Amino acid sequence: MTPATHLFKELLKRKIQRVNIIVTIQFVSAIALAFFTNFSINLGMIHTRLTNPAGFLTEILACFGSLFFVFGLILFLLTISQNERLNRDQTWRLIPITDGKFYIENIFSSFISLIYFVLVNVIIVFILLLICVLFNSKFRQNLGINIHPSLEFFYVIIVAILSCFFMFLIASFLNFSSIAISDFLPQGSNRTILFLVRLLIIIVIIGFIWKINSVFSFYDFFTGNFNLVNLKVTSLNSLVELENLMIVLFVIDLVILALNLFLINHFFEPEKK
Amino acid sequence: MENLLEIRDLTYKKNLKTILDNINLNLQPGKIVALLGENGAGKTTLMRIISGMAKNYRGTVTISGESKVAQRKARLSFTDGLTGFGNSTKIKDISSFYEVIYQDFDEKQFEQLRQFMKLDSEMRLSELSKGMREKLIIALAFSRKVDLYLLDEPFSGIDAMSRKKIINSIILWKPENSTILVSDHFVNEIASMLDEIVIIKDKTIYTHKSTEEIREHHKSVEDYYEGLYEAEEE
């Protein structure tokens, strides 16, 4: 039997490689964006609106930070796609481990790779910040860091983590259930039928989410009582709602995980080579 | 002698069609068995069920007494299309992966087989022809020390000379008490290494005979196999 740690390391190795590529592209994009917003080429001469050369480093820092969300989203979507490809791949499913354990290792290694992405971004931002502080006196004078970790901030991190798992699990549920259902239909491998089955499942999922929202009013909470900029709630009652959201998300994640484990162990076959 | 592979009352359906119906099969340790049948007979499906890839079947499958899927996977080596690796993956990286993942993988054996197949460890999957890829798959399969080897049309892309060389050597690569179940259409070429044949016809095991028994009563394994379908056509 394959030790779970060995499998986890191999899965993580592959996912970290992708993160490294994404971060490299993010950094190069930040340099390019900083260049094109601050420099122009006219009659063979390069013109800039920057008064201080060290200001370019500050621009790179700002661009890199702002691109975090764009590349973070791209990486997240690519990770979801990679998860499902691995779940369906015969090479990986032949590994001597239960399908359920394989699925959990796959999801968890994806989550760790996203944490790695955040950490790498934090490290790069810190290095750029340090360089800016050392070489840009104007930046040094205007720099003011005001960090007050709060309970809401901690809760929001947990909600973000649970939401990340929710997206992974829902994507797997859509994949597993649609293929499992189509295997019971005549001509189920027909792409049109698979597409229609997936549409139906998406409608069911949206209906389920809407039902949850109508009970707990989470949409109203995020649009009314939660300040996304400062990550603060506007009242103590809203803090309770944030706690409720955490619990509900945790329970939903567990339920979908249980369903996915059942499906992958009993119905979801890897593709033929 | 205890059976290595035991299949009892196996039925498998997909898309409302019965693919395999009431399959019963026992294989002893140390045998080389051919799994024969027309295209679409269910040979690959049977191998996928044995290896735990195909799900939701009725009946039981045990390998060395183990019925749980994870335990069965640990006791068998199934020729895999290597779809889990990117095209830029080098052969040496694939062998490193196998070494980490499979506790029974013998790196020295792989090196010997790799050199026998004339494959350069620095080559990437995208640089391999179909035949070279099949050779790599065979090398990886036989570098694992397991009870059961499932070879699903392993020689399909390989040139005739290499095929003959590999077939003649297979018996040297497998551990003495291990069993090989091979499905292939080149019946005459693999006949010399076979101990038994299993024919799937009409969704079930049509016959399971030793090659010795066939040769006593018929000209050759190939003649016996072709004779079954000729009789049907008549």
# chains A, B, ... in the order shown; residues from 1 in each chain; ligands from 1
call {"tool": "closest_atom_pairs", "arguments": {"of": "chain B", "to": "chain A", "cutoff": "10 Å", "atoms": "only C-alpha atoms", "output": "JSON lines"}}
result
{"residue": "B:Lys13", "atom": "CA", "partner": "A:Phe184", "partner_atom": "CA", "distance": 8.6}
{"residue": "B:Lys14", "atom": "CA", "partner": "A:Asp183", "partner_atom": "CA", "distance": 5.8}
{"residue": "B:Asn15", "atom": "CA", "partner": "A:Pro186", "partner_atom": "CA", "distance": 4.4}
{"residue": "B:Leu16", "atom": "CA", "partner": "A:Pro186", "partner_atom": "CA", "distance": 5.6}
{"residue": "B:Lys17", "atom": "CA", "partner": "A:Pro186", "partner_atom": "CA", "distance": 7.8}
{"residue": "B:Thr44", "atom": "CA", "partner": "A:Lys272", "partner_atom": "CA", "distance": 8.9}
{"residue": "B:Thr45", "atom": "CA", "partner": "A:Lys272", "partner_atom": "CA", "distance": 9.3}
{"residue": "B:Arg48", "atom": "CA", "partner": "A:Lys272", "partner_atom": "CA", "distance": 8.6}
{"residue": "B:Ser51", "atom": "CA", "partner": "A:Leu94", "partner_atom": "CA", "distance": 7.5}
{"residue": "B:Gly52", "atom": "CA", "partner": "A:Leu94", "partner_atom": "CA", "distance": 7.9}
{"residue": "B:Met53", "atom": "CA", "partner": "A:Glu269", "partner_atom": "CA", "distance": 5.9}
{"residue": "B:Ala54", "atom": "CA", "partner": "A:Glu269", "partner_atom": "CA", "distance": 5.7}
{"residue": "B:Lys55", "atom": "CA", "partner": "A:Phe267", "partner_atom": "CA", "distance": 5.6}
{"residue": "B:Asn56", "atom": "CA", "partner": "A:His266", "partner_atom": "CA", "distance": 5.9}
{"residue": "B:Tyr57", "atom": "CA", "partner": "A:His266", "partner_atom": "CA", "distance": 9.3}
{"residue": "B:Lys68", "atom": "CA", "partner": "A:Thr98", "partner_atom": "CA", "distance": 8.8}
{"residue": "B:Val69", "atom": "CA", "partner": "A:Thr98", "partner_atom": "CA", "distance": 7.0}
{"residue": "B:Ala70", "atom": "CA", "partner": "A:Ile97", "partner_atom": "CA", "distance": 4.9}
{"residue": "B:Gln71", "atom": "CA", "partner": "A:Pro96", "partner_atom": "CA", "distance": 6.9}
{"residue": "B:Arg72", "atom": "CA", "partner": "A:Pro96", "partner_atom": "CA", "distance": 7.8}
{"residue": "B:Lys73", "atom": "CA", "partner": "A:Pro96", "partner_atom": "CA", "distance": 4.9}
{"residue": "B:Ala74", "atom": "CA", "partner": "A:Pro96", "partner_atom": "CA", "distance": 4.8}
{"residue": "B:Arg75", "atom": "CA", "partner": "A:Pro96", "partner_atom": "CA", "distance": 8.5}
{"residue": "B:Leu76", "atom": "CA", "partner": "A:Pro96", "partner_atom": "CA", "distance": 9.2}
{"residue": "B:Ser77", "atom": "CA", "partner": "A:Leu94", "partner_atom": "CA", "distance": 8.7}
{"residue": "B:Phe78", "atom": "CA", "partner": "A:Leu94", "partner_atom": "CA", "distance": 7.9}
{"residue": "B:Thr79", "atom": "CA", "partner": "A:Lys273", "partner_atom": "CA", "distance": 9.5}
{"residue": "B:Asp80", "atom": "CA", "partner": "A:Thr91", "partner_atom": "CA", "distance": 6.2}
{"residue": "B:Gly81", "atom": "CA", "partner": "A:Lys273", "partner_atom": "CA", "distance": 5.2}
{"residue": "B:Leu82", "atom": "CA", "partner": "A:Thr91", "partner_atom": "CA", "distance": 5.9}
{"residue": "B:Thr83", "atom": "CA", "partner": "A:Thr91", "partner_atom": "CA", "distance": 6.3}
{"residue": "B:Gly84", "atom": "CA", "partner": "A:Thr91", "partner_atom": "CA", "distance": 5.1}
{"residue": "B:Phe85", "atom": "CA", "partner": "A:Thr91", "partner_atom": "CA", "distance": 8.2}
{"residue": "B:Phe97", "atom": "CA", "partner": "A:Glu10", "partner_atom": "CA", "distance": 7.5}
{"residue": "B:Tyr98", "atom": "CA", "partner": "A:Ile95", "partner_atom": "CA", "distance": 9.6}
{"residue": "B:Val100", "atom": "CA", "partner": "A:His6", "partner_atom": "CA", "distance": 6.4}
{"residue": "B:Ile101", "atom": "CA", "partner": "A:Thr2", "partner_atom": "CA", "distance": 5.8}
{"residue": "B:Tyr102", "atom": "CA", "partner": "A:Thr2", "partner_atom": "CA", "distance": 6.1}
{"residue": "B:Gln103", "atom": "CA", "partner": "A:Thr2", "partner_atom": "CA", "distance": 6.6}
{"residue": "B:Asp104", "atom": "CA", "partner": "A:Met1", "partner_atom": "CA", "distance": 9.2}
call {"tool": "select_by_dssp", "arguments": {"residues": "stretch 78-222 of chain B", "states": "alpha helix (DSSP H)", "output": "ChimeraX atom specification"}}
result
/B:91-101,107-116,130-142,160-173,187-190,211-217,221-222
call {"tool": "atom_distance", "arguments": {"atom1": "atom CA of A:Arg198", "atom2": "atom CA of A:Leu174"}}
result
6.6 Å
call {"tool": "residues_around", "arguments": {"residues": "stretch 21-24 of chain A", "least_positions_apart": "2", "cutoff": "12 Å", "atoms": "only C-alpha atoms", "output": "compact mmCIF listing (two decimals) with all heavy atoms, in the first residue's frame"}}
result
# COMPACT_ATOMS: atom_id res chain seq x y z
N ARG A 14 3.63 18.51 -7.88
CA ARG A 14 3.08 18.93 -9.17
C ARG A 14 2.33 20.25 -9.07
O ARG A 14 2.40 21.10 -9.95
CB ARG A 14 2.12 17.83 -9.71
CG ARG A 14 2.83 16.79 -10.54
CD ARG A 14 2.20 15.42 -10.43
NE ARG A 14 3.01 14.45 -11.13
CZ ARG A 14 4.14 13.94 -10.65
NH1 ARG A 14 4.56 14.28 -9.47
NH2 ARG A 14 4.84 13.06 -11.36
N LYS A 15 1.63 20.44 -7.97
CA LYS A 15 0.83 21.67 -7.82
C LYS A 15 1.71 22.87 -7.51
O LYS A 15 1.45 23.98 -7.98
CB LYS A 15 -0.24 21.45 -6.75
CG LYS A 15 -1.25 20.41 -7.24
CD LYS A 15 -2.24 19.97 -6.20
CE LYS A 15 -3.04 18.81 -6.78
NZ LYS A 15 -4.11 18.34 -5.91
N ILE A 16 2.77 22.66 -6.76
CA ILE A 16 3.71 23.74 -6.44
C ILE A 16 4.40 24.24 -7.71
O ILE A 16 4.63 25.44 -7.88
CB ILE A 16 4.77 23.25 -5.42
CG1 ILE A 16 4.11 22.91 -4.08
CG2 ILE A 16 5.90 24.25 -5.25
CD1 ILE A 16 3.89 24.06 -3.16
N GLN A 17 4.70 23.29 -8.63
CA GLN A 17 5.33 23.68 -9.90
C GLN A 17 4.46 24.69 -10.63
O GLN A 17 4.93 25.69 -11.17
CB GLN A 17 5.51 22.45 -10.81
CG GLN A 17 6.74 21.64 -10.52
CD GLN A 17 6.77 20.32 -11.28
OE1 GLN A 17 5.86 20.00 -12.05
NE2 GLN A 17 7.80 19.54 -11.06
N ARG A 18 3.15 24.43 -10.63
CA ARG A 18 2.22 25.34 -11.30
C ARG A 18 2.19 26.69 -10.59
O ARG A 18 2.18 27.74 -11.23
CB ARG A 18 0.82 24.73 -11.30
CG ARG A 18 -0.26 25.73 -11.67
CD ARG A 18 -1.56 25.07 -12.02
NE ARG A 18 -1.49 24.54 -13.36
CZ ARG A 18 -2.35 23.64 -13.84
NH1 ARG A 18 -3.31 23.19 -13.10
NH2 ARG A 18 -2.24 23.21 -15.07
N VAL A 19 2.18 26.68 -9.26
CA VAL A 19 2.16 27.94 -8.49
C VAL A 19 3.40 28.77 -8.82
O VAL A 19 3.31 29.99 -9.02
CB VAL A 19 2.09 27.66 -6.97
CG1 VAL A 19 2.28 28.94 -6.18
CG2 VAL A 19 0.77 27.02 -6.59
N GLN A 26 3.11 36.41 -12.75
CA GLN A 26 2.57 37.55 -12.01
C GLN A 26 3.63 38.63 -11.81
O GLN A 26 3.37 39.82 -12.00
CB GLN A 26 2.05 37.07 -10.64
CG GLN A 26 1.43 38.15 -9.78
CD GLN A 26 1.10 37.66 -8.38
OE1 GLN A 26 1.17 36.46 -8.11
NE2 GLN A 26 0.76 38.57 -7.49
N PHE A 27 4.84 38.22 -11.47
CA PHE A 27 5.94 39.17 -11.22
C PHE A 27 6.36 39.88 -12.51
O PHE A 27 6.53 41.11 -12.53
CB PHE A 27 7.13 38.44 -10.59
CG PHE A 27 8.19 39.37 -10.07
CD1 PHE A 27 7.98 40.08 -8.89
CD2 PHE A 27 9.37 39.54 -10.75
CE1 PHE A 27 8.95 40.95 -8.41
CE2 PHE A 27 10.35 40.40 -10.27
CZ PHE A 27 10.14 41.11 -9.11
N VAL A 28 6.49 39.10 -13.57
CA VAL A 28 6.86 39.68 -14.86
C VAL A 28 5.76 40.64 -15.33
O VAL A 28 6.05 41.73 -15.85
CB VAL A 28 7.12 38.57 -15.91
CG1 VAL A 28 7.25 39.14 -17.31
CG2 VAL A 28 8.37 37.77 -15.54
N SER A 29 4.51 40.26 -15.12
CA SER A 29 3.37 41.12 -15.49
C SER A 29 3.41 42.41 -14.68
O SER A 29 3.10 43.48 -15.23
CB SER A 29 2.05 40.40 -15.23
OG SER A 29 1.98 39.19 -15.93
N ALA A 30 3.78 42.31 -13.40
CA ALA A 30 3.85 43.50 -12.55
C ALA A 30 4.90 44.47 -13.08
O ALA A 30 4.68 45.68 -13.14
CB ALA A 30 4.15 43.11 -11.11
N ILE A 31 6.05 43.94 -13.49
CA ILE A 31 7.13 44.78 -14.04
C ILE A 31 6.65 45.43 -15.33
O ILE A 31 6.83 46.64 -15.55
CB ILE A 31 8.41 43.96 -14.29
CG1 ILE A 31 8.98 43.45 -12.96
CG2 ILE A 31 9.45 44.78 -15.04
CD1 ILE A 31 10.12 42.46 -13.12
N PHE A 64 2.30 44.49 -8.37
CA PHE A 64 2.37 43.09 -7.95
C PHE A 64 1.25 42.79 -6.94
O PHE A 64 0.57 41.76 -7.04
CB PHE A 64 3.74 42.78 -7.33
CG PHE A 64 3.93 41.33 -6.99
CD1 PHE A 64 4.27 40.42 -7.98
CD2 PHE A 64 3.76 40.86 -5.69
CE1 PHE A 64 4.44 39.07 -7.68
CE2 PHE A 64 3.93 39.52 -5.38
CZ PHE A 64 4.26 38.63 -6.38
N GLY A 65 1.07 43.70 -6.01
CA GLY A 65 0.01 43.52 -5.01
C GLY A 65 -1.37 43.49 -5.63
O GLY A 65 -2.22 42.66 -5.28
N LEU A 67 -2.12 42.66 -8.67
CA LEU A 67 -2.30 41.48 -9.54
C LEU A 67 -2.52 40.19 -8.74
O LEU A 67 -2.85 39.16 -9.31
CB LEU A 67 -1.07 41.29 -10.46
CG LEU A 67 -0.97 42.28 -11.62
CD1 LEU A 67 0.36 42.10 -12.35
CD2 LEU A 67 -2.13 42.07 -12.61
N PHE A 68 -2.33 40.28 -7.42
CA PHE A 68 -2.52 39.10 -6.55
C PHE A 68 -3.90 38.49 -6.76
O PHE A 68 -4.04 37.28 -6.90
CB PHE A 68 -2.31 39.51 -5.09
CG PHE A 68 -2.78 38.47 -4.10
CD1 PHE A 68 -2.01 37.34 -3.86
CD2 PHE A 68 -3.97 38.61 -3.41
CE1 PHE A 68 -2.43 36.37 -2.96
CE2 PHE A 68 -4.39 37.65 -2.51
CZ PHE A 68 -3.63 36.52 -2.27
N PHE A 69 -4.93 39.36 -6.78
CA PHE A 69 -6.31 38.84 -6.88
C PHE A 69 -6.58 38.24 -8.26
O PHE A 69 -7.26 37.21 -8.38
CB PHE A 69 -7.30 39.95 -6.56
CG PHE A 69 -7.22 40.39 -5.13
CD1 PHE A 69 -6.52 41.54 -4.79
CD2 PHE A 69 -7.80 39.65 -4.12
CE1 PHE A 69 -6.41 41.93 -3.46
CE2 PHE A 69 -7.70 40.04 -2.80
CZ PHE A 69 -7.00 41.18 -2.46
N VAL A 70 -6.03 38.86 -9.29
CA VAL A 70 -6.24 38.36 -10.66
C VAL A 70 -5.60 36.98 -10.81
O VAL A 70 -6.25 36.02 -11.24
CB VAL A 70 -5.63 39.34 -11.69
CG1 VAL A 70 -5.71 38.76 -13.09
CG2 VAL A 70 -6.34 40.68 -11.62
N PHE A 71 -4.32 36.90 -10.45
CA PHE A 71 -3.62 35.63 -10.61
C PHE A 71 -4.07 34.60 -9.59
O PHE A 71 -4.03 33.39 -9.86
CB PHE A 71 -2.09 35.85 -10.55
CG PHE A 71 -1.55 36.40 -11.84
CD1 PHE A 71 -1.48 37.77 -12.05
CD2 PHE A 71 -1.15 35.55 -12.86
CE1 PHE A 71 -1.01 38.28 -13.25
CE2 PHE A 71 -0.67 36.05 -14.05
CZ PHE A 71 -0.61 37.42 -14.25
N GLY A 72 -4.51 35.09 -8.45
CA GLY A 72 -5.06 34.18 -7.45
C GLY A 72 -6.31 33.48 -7.97
O GLY A 72 -6.48 32.27 -7.81
N LEU A 73 -7.15 34.25 -8.64
CA LEU A 73 -8.38 33.68 -9.21
C LEU A 73 -8.05 32.70 -10.34
O LEU A 73 -8.63 31.61 -10.42
CB LEU A 73 -9.28 34.81 -9.74
CG LEU A 73 -10.62 34.38 -10.33
CD1 LEU A 73 -11.49 33.69 -9.28
CD2 LEU A 73 -11.36 35.57 -10.92
N ILE A 74 -7.09 33.10 -11.19
CA ILE A 74 -6.68 32.21 -12.29
C ILE A 74 -6.15 30.89 -11.73
O ILE A 74 -6.53 29.81 -12.17
CB ILE A 74 -5.61 32.89 -13.18
CG1 ILE A 74 -6.22 34.05 -13.95
CG2 ILE A 74 -4.97 31.89 -14.15
CD1 ILE A 74 -5.21 34.95 -14.64
N LEU A 75 -5.28 31.00 -10.71
CA LEU A 75 -4.71 29.80 -10.10
C LEU A 75 -5.80 28.93 -9.48
O LEU A 75 -5.79 27.71 -9.61
CB LEU A 75 -3.68 30.18 -9.03
CG LEU A 75 -3.05 29.02 -8.26
CD1 LEU A 75 -2.22 28.15 -9.19
CD2 LEU A 75 -2.19 29.52 -7.10
N PHE A 76 -6.76 29.57 -8.81
CA PHE A 76 -7.85 28.86 -8.16
C PHE A 76 -8.65 28.04 -9.18
O PHE A 76 -8.94 26.86 -8.97
CB PHE A 76 -8.76 29.87 -7.44
CG PHE A 76 -9.80 29.23 -6.57
CD1 PHE A 76 -9.44 28.53 -5.43
CD2 PHE A 76 -11.15 29.34 -6.87
CE1 PHE A 76 -10.40 27.95 -4.62
CE2 PHE A 76 -12.11 28.76 -6.07
CZ PHE A 76 -11.73 28.06 -4.94
N LEU A 78 -7.65 27.12 -12.21
CA LEU A 78 -6.78 26.07 -12.77
C LEU A 78 -6.65 24.90 -11.80
O LEU A 78 -6.60 23.74 -12.23
CB LEU A 78 -5.38 26.64 -13.08
CG LEU A 78 -5.28 27.56 -14.29
CD1 LEU A 78 -3.88 28.17 -14.38
CD2 LEU A 78 -5.60 26.83 -15.59
N THR A 79 -6.60 25.21 -10.51
CA THR A 79 -6.48 24.16 -9.49
C THR A 79 -7.71 23.28 -9.47
O THR A 79 -7.61 22.06 -9.37
CB THR A 79 -6.25 24.79 -8.10
OG1 THR A 79 -5.07 25.60 -8.15
CG2 THR A 79 -6.06 23.73 -7.03
N SER A 113 -1.31 24.15 -1.75
CA SER A 113 -0.65 24.87 -2.85
C SER A 113 -1.16 26.31 -2.93
O SER A 113 -0.40 27.23 -3.25
CB SER A 113 -0.85 24.14 -4.18
OG SER A 113 -2.16 24.28 -4.65
N LEU A 114 -2.43 26.52 -2.60
CA LEU A 114 -2.97 27.89 -2.58
C LEU A 114 -2.38 28.68 -1.42
O LEU A 114 -2.08 29.88 -1.56
CB LEU A 114 -4.50 27.86 -2.48
CG LEU A 114 -5.25 27.31 -3.69
CD1 LEU A 114 -6.75 27.28 -3.44
CD2 LEU A 114 -4.95 28.10 -4.95
N TYR A 116 0.53 28.17 -0.23
CA TYR A 116 1.89 28.44 -0.72
C TYR A 116 1.91 29.67 -1.62
O TYR A 116 2.79 30.52 -1.51
CB TYR A 116 2.41 27.19 -1.45
CG TYR A 116 3.72 27.37 -2.16
CD1 TYR A 116 4.92 27.41 -1.46
CD2 TYR A 116 3.78 27.48 -3.56
CE1 TYR A 116 6.13 27.57 -2.12
CE2 TYR A 116 4.98 27.64 -4.22
CZ TYR A 116 6.15 27.69 -3.50
OH TYR A 116 7.35 27.84 -4.16
N PHE A 117 0.89 29.78 -2.49
CA PHE A 117 0.78 30.94 -3.38
C PHE A 117 0.68 32.23 -2.55
O PHE A 117 1.37 33.22 -2.83
CB PHE A 117 -0.44 30.78 -4.29
CG PHE A 117 -0.78 32.00 -5.10
CD1 PHE A 117 -0.03 32.33 -6.22
CD2 PHE A 117 -1.85 32.81 -4.76
CE1 PHE A 117 -0.33 33.46 -6.97
CE2 PHE A 117 -2.16 33.94 -5.51
CZ PHE A 117 -1.40 34.27 -6.62
N VAL A 118 -0.16 32.22 -1.53
CA VAL A 118 -0.33 33.40 -0.68
C VAL A 118 0.99 33.73 0.03
O VAL A 118 1.42 34.88 0.06
CB VAL A 118 -1.46 33.18 0.36
CG1 VAL A 118 -1.49 34.29 1.38
CG2 VAL A 118 -2.80 33.05 -0.34
N LEU A 119 1.64 32.69 0.56
CA LEU A 119 2.91 32.89 1.29
C LEU A 119 3.99 33.49 0.38
O LEU A 119 4.71 34.40 0.79
CB LEU A 119 3.41 31.56 1.86
CG LEU A 119 2.74 31.11 3.16
CD1 LEU A 119 3.19 29.71 3.53
CD2 LEU A 119 3.04 32.08 4.29
N VAL A 120 4.09 32.95 -0.84
CA VAL A 120 5.10 33.45 -1.79
C VAL A 120 4.82 34.92 -2.11
O VAL A 120 5.75 35.74 -2.16
CB VAL A 120 5.11 32.59 -3.07
CG1 VAL A 120 5.92 33.25 -4.17
CG2 VAL A 120 5.69 31.22 -2.77
N ASN A 121 3.54 35.25 -2.28
CA ASN A 121 3.17 36.64 -2.53
C ASN A 121 3.55 37.53 -1.36
O ASN A 121 4.09 38.63 -1.54
CB ASN A 121 1.66 36.75 -2.80
CG ASN A 121 1.34 36.70 -4.28
OD1 ASN A 121 1.15 37.73 -4.94
ND2 ASN A 121 1.30 35.51 -4.83
N VAL A 122 3.28 37.05 -0.16
CA VAL A 122 3.61 37.83 1.05
C VAL A 122 5.13 38.06 1.12
O VAL A 122 5.59 39.18 1.40
CB VAL A 122 3.10 37.11 2.31
CG1 VAL A 122 3.73 37.70 3.58
CG2 VAL A 122 1.59 37.19 2.40
N ILE A 123 5.89 37.01 0.85
CA ILE A 123 7.37 37.11 0.91
C ILE A 123 7.87 38.10 -0.14
O ILE A 123 8.72 38.96 0.16
CB ILE A 123 8.02 35.72 0.71
CG1 ILE A 123 7.76 34.85 1.96
CG2 ILE A 123 9.52 35.83 0.47
CD1 ILE A 123 8.07 33.38 1.76
N ILE A 124 7.36 38.00 -1.35
CA ILE A 124 7.80 38.91 -2.42
C ILE A 124 7.42 40.35 -2.09
O ILE A 124 8.23 41.28 -2.27
CB ILE A 124 7.23 38.48 -3.80
CG1 ILE A 124 7.85 37.14 -4.21
CG2 ILE A 124 7.46 39.54 -4.86
CD1 ILE A 124 7.26 36.54 -5.46
N VAL A 125 6.20 40.54 -1.59
CA VAL A 125 5.77 41.90 -1.21
C VAL A 125 6.67 42.43 -0.10
O VAL A 125 7.08 43.60 -0.12
CB VAL A 125 4.28 41.88 -0.77
CG1 VAL A 125 3.94 43.14 0.01
CG2 VAL A 125 3.38 41.76 -1.98
call {"tool": "atom_distance", "arguments": {"atom1": "atom CA of A:Leu239", "atom2": "atom CA of A:Tyr155"}}
result
8.9 Å
call {"tool": "residues_around", "arguments": {"residues": "A:Leu254", "least_positions_apart": "6", "cutoff": "12 Å", "atoms": "only C-alpha atoms", "output": "PyMOL selection string"}}
result
chain A and resi 104+162+165-166+169-170+247-248+260-261
call {"tool": "write_last_selection", "arguments": {"atoms": "all heavy atoms", "output": "mmCIF file, in the first residue's frame"}}
result
data_model
loop_
_atom_site.group_PDB
_atom_site.id
_atom_site.type_symbol
_atom_site.label_atom_id
_atom_site.label_comp_id
_atom_site.auth_asym_id
_atom_site.auth_seq_id
_atom_site.Cartn_x
_atom_site.Cartn_y
_atom_site.Cartn_z
ATOM 1 N N ILE A 104 -9.207 12.890 -0.834
ATOM 2 C CA ILE A 104 -8.897 13.813 0.271
ATOM 3 C C ILE A 104 -7.475 14.381 0.114
ATOM 4 O O ILE A 104 -7.239 15.577 0.294
ATOM 5 C CB ILE A 104 -9.070 13.113 1.639
ATOM 6 C CG1 ILE A 104 -10.554 12.860 1.897
ATOM 7 C CG2 ILE A 104 -8.485 13.939 2.772
ATOM 8 C CD1 ILE A 104 -10.843 11.981 3.095
ATOM 9 N N LEU A 162 -13.041 27.893 4.338
ATOM 10 C CA LEU A 162 -14.196 27.000 4.162
ATOM 11 C C LEU A 162 -14.826 27.199 2.781
ATOM 12 O O LEU A 162 -15.280 26.242 2.147
ATOM 13 C CB LEU A 162 -15.233 27.248 5.259
ATOM 14 C CG LEU A 162 -14.828 26.796 6.663
ATOM 15 C CD1 LEU A 162 -15.822 27.301 7.702
ATOM 16 C CD2 LEU A 162 -14.716 25.282 6.740
ATOM 17 N N PHE A 165 -12.701 25.378 0.190
ATOM 18 C CA PHE A 165 -13.028 23.948 0.182
ATOM 19 C C PHE A 165 -14.393 23.711 -0.434
ATOM 20 O O PHE A 165 -14.610 22.735 -1.151
ATOM 21 C CB PHE A 165 -13.000 23.373 1.614
ATOM 22 C CG PHE A 165 -11.621 23.000 2.073
ATOM 23 C CD1 PHE A 165 -10.981 23.692 3.081
ATOM 24 C CD2 PHE A 165 -10.943 21.936 1.482
ATOM 25 C CE1 PHE A 165 -9.706 23.349 3.499
ATOM 26 C CE2 PHE A 165 -9.660 21.589 1.891
ATOM 27 C CZ PHE A 165 -9.045 22.305 2.906
ATOM 28 N N PHE A 166 -15.328 24.622 -0.170
ATOM 29 C CA PHE A 166 -16.673 24.497 -0.730
ATOM 30 C C PHE A 166 -16.601 24.467 -2.258
ATOM 31 O O PHE A 166 -17.238 23.623 -2.899
ATOM 32 C CB PHE A 166 -17.547 25.661 -0.255
ATOM 33 C CG PHE A 166 -18.917 25.678 -0.884
ATOM 34 C CD1 PHE A 166 -19.898 24.791 -0.475
ATOM 35 C CD2 PHE A 166 -19.223 26.579 -1.893
ATOM 36 C CE1 PHE A 166 -21.151 24.786 -1.058
ATOM 37 C CE2 PHE A 166 -20.473 26.577 -2.483
ATOM 38 C CZ PHE A 166 -21.442 25.692 -2.062
ATOM 39 N N LEU A 169 -15.131 21.182 -3.433
ATOM 40 C CA LEU A 169 -16.052 20.059 -3.218
ATOM 41 C C LEU A 169 -17.234 20.118 -4.182
ATOM 42 O O LEU A 169 -17.680 19.086 -4.691
ATOM 43 C CB LEU A 169 -16.546 20.055 -1.762
ATOM 44 C CG LEU A 169 -15.475 19.759 -0.713
ATOM 45 C CD1 LEU A 169 -15.978 20.073 0.694
ATOM 46 C CD2 LEU A 169 -15.031 18.311 -0.787
ATOM 47 N N ILE A 170 -17.727 21.324 -4.425
ATOM 48 C CA ILE A 170 -18.875 21.467 -5.332
ATOM 49 C C ILE A 170 -18.481 21.083 -6.758
ATOM 50 O O ILE A 170 -19.257 20.420 -7.471
ATOM 51 C CB ILE A 170 -19.424 22.916 -5.271
ATOM 52 C CG1 ILE A 170 -20.497 23.031 -4.193
ATOM 53 C CG2 ILE A 170 -19.940 23.426 -6.583
ATOM 54 C CD1 ILE A 170 -21.785 22.269 -4.496
ATOM 55 N N ILE A 247 -20.279 28.131 10.709
ATOM 56 C CA ILE A 247 -20.819 26.819 11.104
ATOM 57 C C ILE A 247 -21.555 26.183 9.923
ATOM 58 O O ILE A 247 -21.383 24.997 9.633
ATOM 59 C CB ILE A 247 -21.751 26.959 12.329
ATOM 60 C CG1 ILE A 247 -20.927 27.401 13.554
ATOM 61 C CG2 ILE A 247 -22.472 25.645 12.625
ATOM 62 C CD1 ILE A 247 -21.769 27.907 14.702
ATOM 63 N N VAL A 248 -22.389 26.999 9.262
ATOM 64 C CA VAL A 248 -23.168 26.476 8.128
ATOM 65 C C VAL A 248 -22.229 25.989 7.021
ATOM 66 O O VAL A 248 -22.408 24.903 6.463
ATOM 67 C CB VAL A 248 -24.148 27.540 7.600
ATOM 68 C CG1 VAL A 248 -24.739 27.105 6.263
ATOM 69 C CG2 VAL A 248 -25.251 27.787 8.604
ATOM 70 N N ASN A 260 -19.242 13.092 -1.905
ATOM 71 C CA ASN A 260 -18.172 12.880 -2.889
ATOM 72 C C ASN A 260 -17.396 11.599 -2.610
ATOM 73 O O ASN A 260 -17.039 10.861 -3.540
ATOM 74 C CB ASN A 260 -17.214 14.070 -2.912
ATOM 75 C CG ASN A 260 -17.824 15.300 -3.556
ATOM 76 O OD1 ASN A 260 -18.866 15.219 -4.202
ATOM 77 N ND2 ASN A 260 -17.188 16.441 -3.380
ATOM 78 N N LEU A 261 -17.152 11.325 -1.329
ATOM 79 C CA LEU A 261 -16.431 10.094 -0.975
ATOM 80 C C LEU A 261 -17.245 8.869 -1.373
ATOM 81 O O LEU A 261 -16.710 7.885 -1.893
ATOM 82 C CB LEU A 261 -16.121 10.067 0.528
ATOM 83 C CG LEU A 261 -15.051 11.047 0.999
ATOM 84 C CD1 LEU A 261 -14.925 11.037 2.518
ATOM 85 C CD2 LEU A 261 -13.699 10.718 0.383
#
